[in-house]
$ cat target_31.tsv   # TSV, C-alpha atoms and all ligand atoms
chain	number	residue	atom	x	y	z
A	1	MET	CA	-17.70	1.72	-27.17
A	2	SER	CA	-18.20	5.50	-27.26
A	3	ALA	CA	-15.78	7.83	-25.49
A	4	SER	CA	-18.29	8.41	-22.73
A	5	GLY	CA	-19.21	4.67	-22.83
A	6	ARG	CA	-22.38	3.34	-21.26
A	7	PHE	CA	-22.99	0.71	-18.62
A	8	ASP	CA	-26.62	0.10	-19.53
A	9	ASP	CA	-28.27	-2.53	-17.32
A	10	GLN	CA	-24.99	-3.52	-15.71
A	11	ILE	CA	-25.17	-4.17	-11.99
A	12	ALA	CA	-22.32	-2.22	-10.41
A	13	LEU	CA	-21.34	-2.16	-6.75
A	14	VAL	CA	-19.05	0.54	-5.36
A	15	THR	CA	-17.51	0.29	-1.89
A	16	GLY	CA	-16.89	3.52	-0.02
A	17	ALA	CA	-19.50	5.33	-2.11
A	18	THR	CA	-20.41	7.79	0.64
A	19	SER	CA	-17.56	10.22	-0.09
A	20	GLY	CA	-14.96	11.43	-2.56
A	21	ILE	CA	-14.05	9.16	-5.48
A	22	GLY	CA	-16.62	6.47	-4.59
A	23	LEU	CA	-19.44	8.99	-4.51
A	24	GLU	CA	-18.45	10.27	-7.97
A	25	LEU	CA	-18.12	6.72	-9.29
A	26	ALA	CA	-21.64	5.90	-8.08
A	27	ARG	CA	-23.11	9.06	-9.61
A	28	GLN	CA	-21.33	8.68	-12.95
A	29	LEU	CA	-22.21	4.99	-13.23
A	30	ALA	CA	-25.87	5.80	-12.60
A	31	ALA	CA	-25.74	8.58	-15.21
A	32	ARG	CA	-24.28	6.06	-17.70
A	33	GLY	CA	-27.09	3.58	-17.29
A	34	ALA	CA	-25.79	1.18	-14.63
A	35	LYS	CA	-27.92	-0.13	-11.80
A	36	VAL	CA	-25.73	1.11	-8.99
A	37	VAL	CA	-25.41	-0.48	-5.57
A	38	ALA	CA	-23.77	2.26	-3.52
A	39	THR	CA	-22.25	1.05	-0.26
A	40	GLY	CA	-20.55	2.46	2.82
A	41	ARG	CA	-20.94	2.73	6.57
A	42	ASP	CA	-22.18	6.27	7.11
A	43	GLN	CA	-25.97	6.00	7.29
A	44	GLY	CA	-26.68	9.71	6.81
A	45	ARG	CA	-24.59	9.93	3.65
A	46	LEU	CA	-25.99	6.65	2.36
A	47	MET	CA	-29.54	7.98	2.79
A	48	ALA	CA	-28.62	11.19	0.99
A	49	LEU	CA	-27.22	9.15	-1.91
A	50	ALA	CA	-30.11	6.66	-2.09
A	51	PRO	CA	-32.32	8.67	-4.52
A	52	GLN	CA	-29.46	8.89	-7.04
A	53	VAL	CA	-28.76	5.14	-7.21
A	54	ASP	CA	-30.67	1.87	-7.53
A	55	LEU	CA	-29.79	0.59	-4.07
A	56	ALA	CA	-27.93	2.07	-1.10
A	57	LEU	CA	-26.55	-0.61	1.21
A	58	THR	CA	-24.62	-0.63	4.44
A	59	LEU	CA	-21.34	-2.43	3.86
A	60	ASP	CA	-18.37	-2.36	6.22
A	61	VAL	CA	-15.51	-4.02	4.36
A	62	LEU	CA	-13.97	-5.07	7.70
A	63	GLN	CA	-16.91	-7.23	8.73
A	64	ASP	CA	-17.60	-10.70	7.32
A	65	ASP	CA	-21.29	-10.47	8.32
A	66	SER	CA	-21.73	-7.13	6.62
A	67	VAL	CA	-20.14	-8.38	3.38
A	68	GLN	CA	-22.23	-11.57	3.45
A	69	ALA	CA	-25.43	-9.58	3.98
A	70	ALA	CA	-24.59	-7.25	1.08
A	71	THR	CA	-23.76	-10.21	-1.19
A	72	ALA	CA	-27.09	-11.85	-0.34
A	73	ALA	CA	-28.98	-8.60	-0.92
A	74	VAL	CA	-27.40	-8.17	-4.37
A	75	GLN	CA	-28.06	-11.81	-5.26
A	76	ASP	CA	-31.72	-11.59	-4.15
A	77	ARG	CA	-32.41	-8.39	-6.02
A	78	TYR	CA	-30.42	-8.85	-9.24
A	79	GLY	CA	-29.14	-12.42	-9.31
A	80	ARG	CA	-25.69	-11.22	-10.37
A	81	LEU	CA	-23.00	-8.54	-10.17
A	82	ASP	CA	-21.27	-7.31	-13.33
A	83	LEU	CA	-18.89	-4.70	-11.96
A	84	LEU	CA	-17.30	-4.50	-8.51
A	85	ILE	CA	-15.32	-1.39	-7.62
A	86	ASN	CA	-13.15	-1.81	-4.53
A	87	ASN	CA	-12.76	1.83	-3.62
A	88	ALA	CA	-13.15	1.95	0.19
A	89	GLY	CA	-9.87	3.04	1.70
A	90	VAL	CA	-8.20	5.04	4.45
A	91	GLY	CA	-4.96	6.98	4.66
A	92	LEU	CA	-2.30	7.38	7.32
A	93	PHE	CA	0.39	10.00	7.01
A	94	GLN	CA	3.01	9.80	9.73
A	95	SER	CA	6.62	8.84	10.20
A	96	TRP	CA	7.57	5.19	10.59
A	97	GLN	CA	8.51	5.83	14.25
A	98	ASP	CA	4.96	6.97	15.02
A	99	THR	CA	3.33	4.11	13.12
A	100	SER	CA	2.37	1.38	15.55
A	101	MET	CA	1.65	-2.23	14.67
A	102	ALA	CA	-2.02	-1.44	15.36
A	103	ASP	CA	-1.86	1.39	12.79
A	104	MET	CA	-0.24	-0.92	10.24
A	105	ARG	CA	-2.93	-3.55	10.78
A	106	ARG	CA	-5.77	-1.03	10.58
A	107	ILE	CA	-4.59	0.35	7.24
A	108	MET	CA	-3.90	-3.11	5.81
A	109	ASP	CA	-7.27	-4.32	7.11
A	110	VAL	CA	-9.26	-1.71	5.22
A	111	ASN	CA	-7.15	-1.15	2.12
A	112	LEU	CA	-6.06	-4.72	1.41
A	113	PHE	CA	-8.12	-7.24	3.37
A	114	GLY	CA	-11.33	-5.23	2.94
A	115	ALA	CA	-10.97	-5.39	-0.84
A	116	VAL	CA	-10.03	-9.08	-0.66
A	117	ARG	CA	-13.05	-9.89	1.54
A	118	VAL	CA	-15.54	-8.19	-0.78
A	119	THR	CA	-13.94	-9.66	-3.90
A	120	GLN	CA	-13.91	-13.21	-2.50
A	121	ALA	CA	-17.65	-12.82	-1.85
A	122	PHE	CA	-18.62	-11.69	-5.35
A	123	LEU	CA	-16.00	-13.35	-7.54
A	124	PRO	CA	-17.38	-16.91	-7.54
A	125	GLY	CA	-20.63	-15.69	-9.13
A	126	MET	CA	-18.73	-13.78	-11.81
A	127	VAL	CA	-16.50	-16.76	-12.60
A	128	GLU	CA	-19.51	-19.07	-12.74
A	129	ARG	CA	-21.19	-16.81	-15.29
A	130	GLY	CA	-17.94	-16.34	-17.19
A	131	ARG	CA	-18.05	-12.57	-17.11
A	132	GLY	CA	-17.46	-9.64	-14.84
A	133	CYS	CA	-15.00	-6.94	-13.91
A	134	VAL	CA	-13.29	-6.07	-10.63
A	135	VAL	CA	-11.76	-2.59	-10.40
A	136	ASN	CA	-9.30	-2.01	-7.59
A	137	ILE	CA	-8.65	1.61	-6.65
A	138	ALA	CA	-4.99	1.50	-5.62
A	139	SER	CA	-2.76	4.59	-5.75
A	140	VAL	CA	0.51	5.91	-7.11
A	141	ALA	CA	1.64	5.09	-3.54
A	142	GLY	CA	1.25	1.45	-4.60
A	143	GLU	CA	3.94	1.95	-7.22
A	144	ARG	CA	6.43	4.21	-5.46
A	145	GLY	CA	7.51	4.99	-1.91
A	146	TYR	CA	6.51	8.28	-0.26
A	147	ALA	CA	7.95	9.68	2.95
A	148	LYS	CA	5.66	9.40	5.99
A	149	HIS	CA	3.41	6.95	4.13
A	150	THR	CA	4.80	3.54	5.16
A	151	ALA	CA	1.50	1.92	6.15
A	152	TYR	CA	-0.42	3.41	3.26
A	153	CYS	CA	2.30	2.54	0.71
A	154	ALA	CA	2.46	-1.01	2.07
A	155	SER	CA	-1.30	-1.46	1.75
A	156	LYS	CA	-1.46	-0.13	-1.81
A	157	HIS	CA	1.62	-2.06	-2.97
A	158	ALA	CA	-0.02	-5.16	-1.51
A	159	MET	CA	-3.29	-4.38	-3.25
A	160	ILE	CA	-1.47	-4.13	-6.58
A	161	GLY	CA	0.42	-7.39	-5.98
A	162	TRP	CA	-2.80	-9.19	-5.07
A	163	SER	CA	-4.54	-7.74	-8.14
A	164	ARG	CA	-1.72	-8.88	-10.44
A	165	GLY	CA	-1.94	-12.38	-9.02
A	166	LEU	CA	-5.70	-12.37	-9.53
A	167	GLN	CA	-5.24	-11.26	-13.14
A	168	LYS	CA	-3.17	-14.38	-13.74
A	169	ASP	CA	-5.57	-16.66	-11.85
A	170	LEU	CA	-8.55	-15.34	-13.80
A	171	LYS	CA	-6.97	-15.51	-17.26
A	172	GLY	CA	-9.49	-17.04	-19.65
A	173	SER	CA	-12.31	-16.91	-17.08
A	174	GLY	CA	-14.08	-13.94	-18.67
A	175	VAL	CA	-13.50	-11.89	-15.52
A	176	ASP	CA	-11.08	-8.97	-15.69
A	177	VAL	CA	-9.23	-7.13	-12.95
A	178	VAL	CA	-8.43	-3.46	-13.54
A	179	ILE	CA	-5.90	-1.66	-11.32
A	180	VAL	CA	-6.34	2.11	-11.02
A	181	CYS	CA	-3.60	4.31	-9.56
A	182	PRO	CA	-4.71	7.89	-8.92
A	183	PRO	CA	-2.25	10.58	-7.81
A	184	ALA	CA	-3.37	13.09	-5.13
A	185	VAL	CA	-7.12	13.72	-5.40
A	186	ASP	CA	-9.07	16.56	-3.81
A	187	THR	CA	-11.43	14.64	-1.49
A	188	PRO	CA	-12.00	14.44	2.30
A	189	PHE	CA	-9.41	11.62	2.33
A	190	PHE	CA	-6.59	13.63	3.92
A	191	GLY	CA	-8.89	15.20	6.54
A	192	ASN	CA	-10.35	11.76	7.31
A	193	ALA	CA	-6.78	10.58	7.92
A	194	GLY	CA	-6.33	13.41	10.44
A	195	PHE	CA	-4.31	15.57	8.01
A	196	HIS	CA	-6.70	18.53	7.94
A	197	ASP	CA	-4.24	21.12	6.62
A	198	TYR	CA	-2.83	18.87	3.87
A	199	LYS	CA	-3.60	21.35	1.08
A	200	GLU	CA	-2.16	24.28	3.05
A	201	LYS	CA	1.00	22.29	3.79
A	202	HIS	CA	1.39	21.31	0.11
A	203	PRO	CA	0.60	24.55	-1.72
A	204	GLY	CA	2.37	23.54	-4.94
A	205	LEU	CA	0.60	20.20	-5.27
A	206	SER	CA	-1.86	19.93	-8.13
A	207	MET	CA	-4.67	17.52	-7.39
A	208	MET	CA	-7.13	15.69	-9.60
A	209	SER	CA	-10.82	16.08	-8.87
A	210	ALA	CA	-12.87	13.06	-7.79
A	211	GLY	CA	-14.96	13.55	-10.94
A	212	GLN	CA	-11.89	13.24	-13.18
A	213	VAL	CA	-10.75	10.11	-11.35
A	214	ALA	CA	-14.21	8.54	-11.66
A	215	GLU	CA	-14.42	9.36	-15.37
A	216	GLN	CA	-10.99	7.86	-16.13
A	217	THR	CA	-11.68	4.84	-13.92
A	218	LEU	CA	-14.87	4.05	-15.80
A	219	GLN	CA	-13.07	4.41	-19.14
A	220	ALA	CA	-10.43	1.96	-17.92
A	221	ALA	CA	-13.16	-0.45	-16.79
A	222	LEU	CA	-14.91	-0.31	-20.16
A	223	ALA	CA	-11.61	-0.89	-21.97
A	224	ARG	CA	-10.70	-3.66	-19.47
A	225	LYS	CA	-7.23	-2.10	-18.98
A	226	ARG	CA	-4.89	-4.11	-16.80
A	227	GLN	CA	-3.58	-1.04	-14.99
A	228	VAL	CA	-3.85	2.71	-15.38
A	229	ILE	CA	-1.79	5.45	-13.78
A	230	LEU	CA	-4.04	8.49	-13.88
A	231	SER	CA	-2.73	11.90	-15.02
A	232	PRO	CA	0.10	12.28	-17.54
A	233	ARG	CA	2.42	13.73	-14.89
A	234	ALA	CA	1.96	10.76	-12.56
A	235	LYS	CA	2.55	8.42	-15.48
A	236	THR	CA	5.79	10.20	-16.42
A	237	LEU	CA	7.00	10.13	-12.81
A	238	TRP	CA	6.12	6.45	-12.56
A	239	LEU	CA	8.13	5.66	-15.70
A	240	LEU	CA	11.10	7.82	-14.65
A	241	ASP	CA	11.06	6.18	-11.23
A	242	LYS	CA	11.39	2.75	-12.86
A	243	LEU	CA	14.30	3.93	-14.99
A	244	VAL	CA	16.17	6.48	-12.81
A	245	PRO	CA	14.81	6.52	-9.26
A	246	PRO	CA	17.33	9.11	-7.95
A	247	LEU	CA	16.08	11.60	-10.56
A	248	VAL	CA	12.53	11.39	-9.21
A	249	ASP	CA	13.80	11.68	-5.63
A	250	GLY	CA	15.66	14.83	-6.65
A	251	LEU	CA	12.63	16.27	-8.44
A	252	GLN	CA	10.48	15.58	-5.38
A	253	LYS	CA	12.89	17.55	-3.20
A	254	LEU	CA	12.46	20.52	-5.52
A	255	LYS	CA	8.70	20.30	-5.89
A	256	ASP	CA	5.83	18.49	-4.26
A	257	LEU	CA	5.10	15.85	-6.88
A	258	ARG	CA	2.62	12.98	-6.99
B	301	LIG	N1	-7.68	11.14	-2.25
B	301	LIG	C1	-6.51	10.76	-2.74
B	301	LIG	O1	-5.55	11.56	-2.84
B	301	LIG	C2	-6.32	9.35	-3.22
B	301	LIG	C3	-5.23	9.09	-4.07
B	301	LIG	C4	-5.03	7.78	-4.53
B	301	LIG	C5	-5.89	6.77	-4.16
B	301	LIG	N2	-6.94	7.06	-3.31
B	301	LIG	C6	-7.81	5.94	-2.92
B	301	LIG	O2	-9.12	6.20	-3.38
B	301	LIG	C7	-10.06	5.55	-2.54
B	301	LIG	C8	-11.16	6.52	-2.15
B	301	LIG	O3	-10.55	7.59	-1.43
B	301	LIG	P1	-11.21	9.05	-1.34
B	301	LIG	O4	-10.14	10.01	-1.69
B	301	LIG	O5	-12.49	9.12	-2.04
B	301	LIG	O6	-11.40	9.12	0.26
B	301	LIG	P2	-12.67	9.50	1.18
B	301	LIG	O7	-13.36	10.68	0.63
B	301	LIG	O8	-12.11	9.57	2.57
B	301	LIG	O9	-13.61	8.23	1.05
B	301	LIG	C9	-13.25	7.00	1.60
B	301	LIG	C10	-14.45	6.08	1.53
B	301	LIG	O10	-14.06	4.83	2.11
B	301	LIG	C11	-15.10	4.39	2.94
B	301	LIG	N3	-14.62	3.50	4.00
B	301	LIG	C12	-13.64	3.68	4.90
B	301	LIG	N4	-13.56	2.63	5.72
B	301	LIG	C13	-14.50	1.76	5.32
B	301	LIG	C14	-14.92	0.49	5.76
B	301	LIG	N5	-14.36	-0.12	6.83
B	301	LIG	N6	-15.94	-0.15	5.10
B	301	LIG	C15	-16.51	0.45	4.04
B	301	LIG	N7	-16.18	1.66	3.58
B	301	LIG	C16	-15.18	2.30	4.23
B	301	LIG	C17	-15.74	5.65	3.50
B	301	LIG	O11	-17.11	5.41	3.73
B	301	LIG	P3	-17.83	5.29	5.16
B	301	LIG	O12	-17.12	6.20	6.10
B	301	LIG	O13	-19.27	5.58	4.91
B	301	LIG	O14	-17.65	3.84	5.50
B	301	LIG	C18	-15.64	6.61	2.31
B	301	LIG	O15	-16.79	6.51	1.50
B	301	LIG	C19	-9.27	4.99	-1.36
B	301	LIG	O16	-9.02	3.62	-1.56
B	301	LIG	C20	-7.95	5.76	-1.42
B	301	LIG	O17	-6.88	5.04	-0.86
B	301	LIG	C21	-7.18	8.32	-2.86
$ encode --input "target_31.tsv" --output "structure tokens" --more "lines below"
Ligand SMILES: NC(=O)c1ccc[n+]([C@@H]2O[C@H](COP(=O)([O-])OP(=O)(O)OC[C@H]3O[C@@H](n4cnc5c(N)ncnc54)[C@H](OP(=O)(O)O)[C@@H]3O)[C@@H](O)[C@H]2O)c1
Amino acid sequence: MSASGRFDDQIALVTGATSGIGLELARQLAARGAKVVATGRDQGRLMALAPQVDLALTLDVLQDDSVQAATAAVQDRYGRLDLLINNAGVGLFQSWQDTSMADMRRIMDVNLFGAVRVTQAFLPGMVERGRGCVVNIASVAGERGYAKHTAYCASKHAMIGWSRGLQKDLKGSGVDVVIVCPPAVDTPFFGNAGFHDYKEKHPGLSMMSAGQVAEQTLQAALARKRQVILSPRAKTLWLLDKLVPPLVDGLQKLKDLR
């Protein structure tokens, strides 16, 4: 596989393709030869994306009907799905005292159960054919705790746990599960979570671009990696946190690190 590997004739579905990382994933997959099914809820942004992909579909990961309709549409048009990227997700950045049970459920619903719902719909076909790849866009917040991120950390830790279980269940099936953990990425994510001045409040924080995340995610998918922590700094912090957690806590007090 070349460094900029191709996805020629692969049918690839991306959830949350109307913004940020998902939008870049859809564009880069199309540029690399995939037949891309770009999905999301926002009709205006879906229509704008439609000319760049093979199919633009409404898909709300919270709704059984919506997922069933998208699954049927993919089956009718292509008869299969080769690559599923569970990217749709939402953030919540507030203290534990301000995080209600309804907040917890909403974040878990989208970030965990949404990915589970879509995967359960497409996985049987992949297993039956004996090939396929599911990429789950988790986060470094699925590997470490962050202050004022309880709901989000819980949802991404859960996504990673579920993915690891799936990896075991699917061993030998020909279907791979790839876990991707980006650090902070410069997308509308923080604004969409109501944190409009995130960048201003974190002036020292270096962020990846959505394009970089998409590029590295697709490389991981081609290589069928089990899990990737994107960016060397995030990887170092992840490793240090496993070995000497107080050191990382101390470093984070000194500098805004992801
Ligand atoms: N940005 C970061 O710093 C960062 C870091 C690590 C991991 N991540 C993860 O990366 C993924 C993408 O985030 P992003 O930064 O690209 O954020 P974003 O720009 O806010 O995009 C989020 C996407 O999720 C979709 N979405 C939200 N609720 C949905 C639902 N119920 N059904 C279907 N789609 C839904 C949105 O589409 P519609 O509104 O059209 O439905 C949108 O396309 C998320 O899982 C996020 O947790 C982000």
$ residues_around --input "target_31.tsv" --residues "region 226-231 of chain A" --least-positions-apart "6" --cutoff "9 Å" --atoms "all atoms listed in the file" --output "PyMOL selection string"
chain A and resi 139-140+164+167+176-183+208+213+216-217+220+238
$ residues_near_ligand --input "target_31.tsv" --ligand "ligand LIG 301 (chain B)" --cutoff "6 Å" --atoms "all atoms listed in the file" --output "number ranges by chain"
A: 15-22, 40-42, 59-62, 87-90, 110, 137-139, 182-189, 192
$ closest_residue --input "target_31.tsv" --among "A:Leu240, A:Thr39, A:Leu83, A:Gln52" --to "Ala69 (chain A)" --atoms "all atoms listed in the file"
A:Thr39
$ closest_residue --input "target_31.tsv" --among "A:Arg45, A:Lys242, A:Lys201, A:Lys148" --to "Leu57 (chain A)" --atoms "only C-alpha atoms"
A:Arg45
$ atom_distance --input "target_31.tsv" --atom1 "CA of Arg106 (chain A)" --atom2 "CA of Gln43 (chain A)"
21.6 Å
$ closest_residue --input "target_31.tsv" --among "A:Asp109, A:Leu25, A:Gly91, A:Asn136" --to "Gln63 (chain A)" --atoms "all atoms listed in the file"
A:Asp109
$ atom_distance --input "target_31.tsv" --atom1 "CA of Trp96 (chain A)" --atom2 "CA of His149 (chain A)"
7.9 Å
$ axis_aligned_box --input "target_31.tsv" --around "region 95-111 of chain A" --padding-each-side "5 Å" --output "lines of an AutoDock Vina configuration file"
center_x = -0.4
center_y = 2.3
center_z = 8.8
size_x = 27.8
size_y = 23.2
size_z = 23.4
$ closest_atom_pairs --input "target_31.tsv" --of "region 128-243 of chain A" --to "region 71-80 of chain A" --cutoff "12 Å" --atoms "all atoms listed in the file" --output "Markdown table"
| residue | atom | partner | partner_atom | distance |
| --- | --- | --- | --- | --- |
| A:Glu128 | CA | A:Arg80 | CA | 10.3 |
| A:Arg129 | CA | A:Arg80 | CA | 8.7 |
| A:Gly130 | CA | A:Arg80 | CA | 11.5 |
| A:Arg131 | CA | A:Arg80 | CA | 10.3 |
| A:Gly132 | CA | A:Arg80 | CA | 9.5 |
$ residues_around --input "target_31.tsv" --residues "region 244-253 of chain A" --least-positions-apart "3" --cutoff "12 Å" --atoms "all atoms listed in the file" --output "VMD selection string"
chain A and resid 143 to 147 204 to 205 233 to 234 236 to 241 256 to 258
$ residues_near_point --input "target_31.tsv" --point "(-11.4, -11.2, -1.1)" --cutoff "12 Å" --atoms "only C-alpha atoms" --output "VMD selection string"
chain A and resid 61 to 64 67 to 68 84 86 109 to 124 134 136 159 162 to 163 166
$ atom_distance --input "target_31.tsv" --atom1 "CA of Met101 (chain A)" --atom2 "CA of His157 (chain A)"
17.6 Å
$ closest_residue --input "target_31.tsv" --among "A:Cys153, A:Ile11, A:Arg224, A:Gly142" --to "Ala26 (chain A)" --atoms "only C-alpha atoms"
A:Ile11
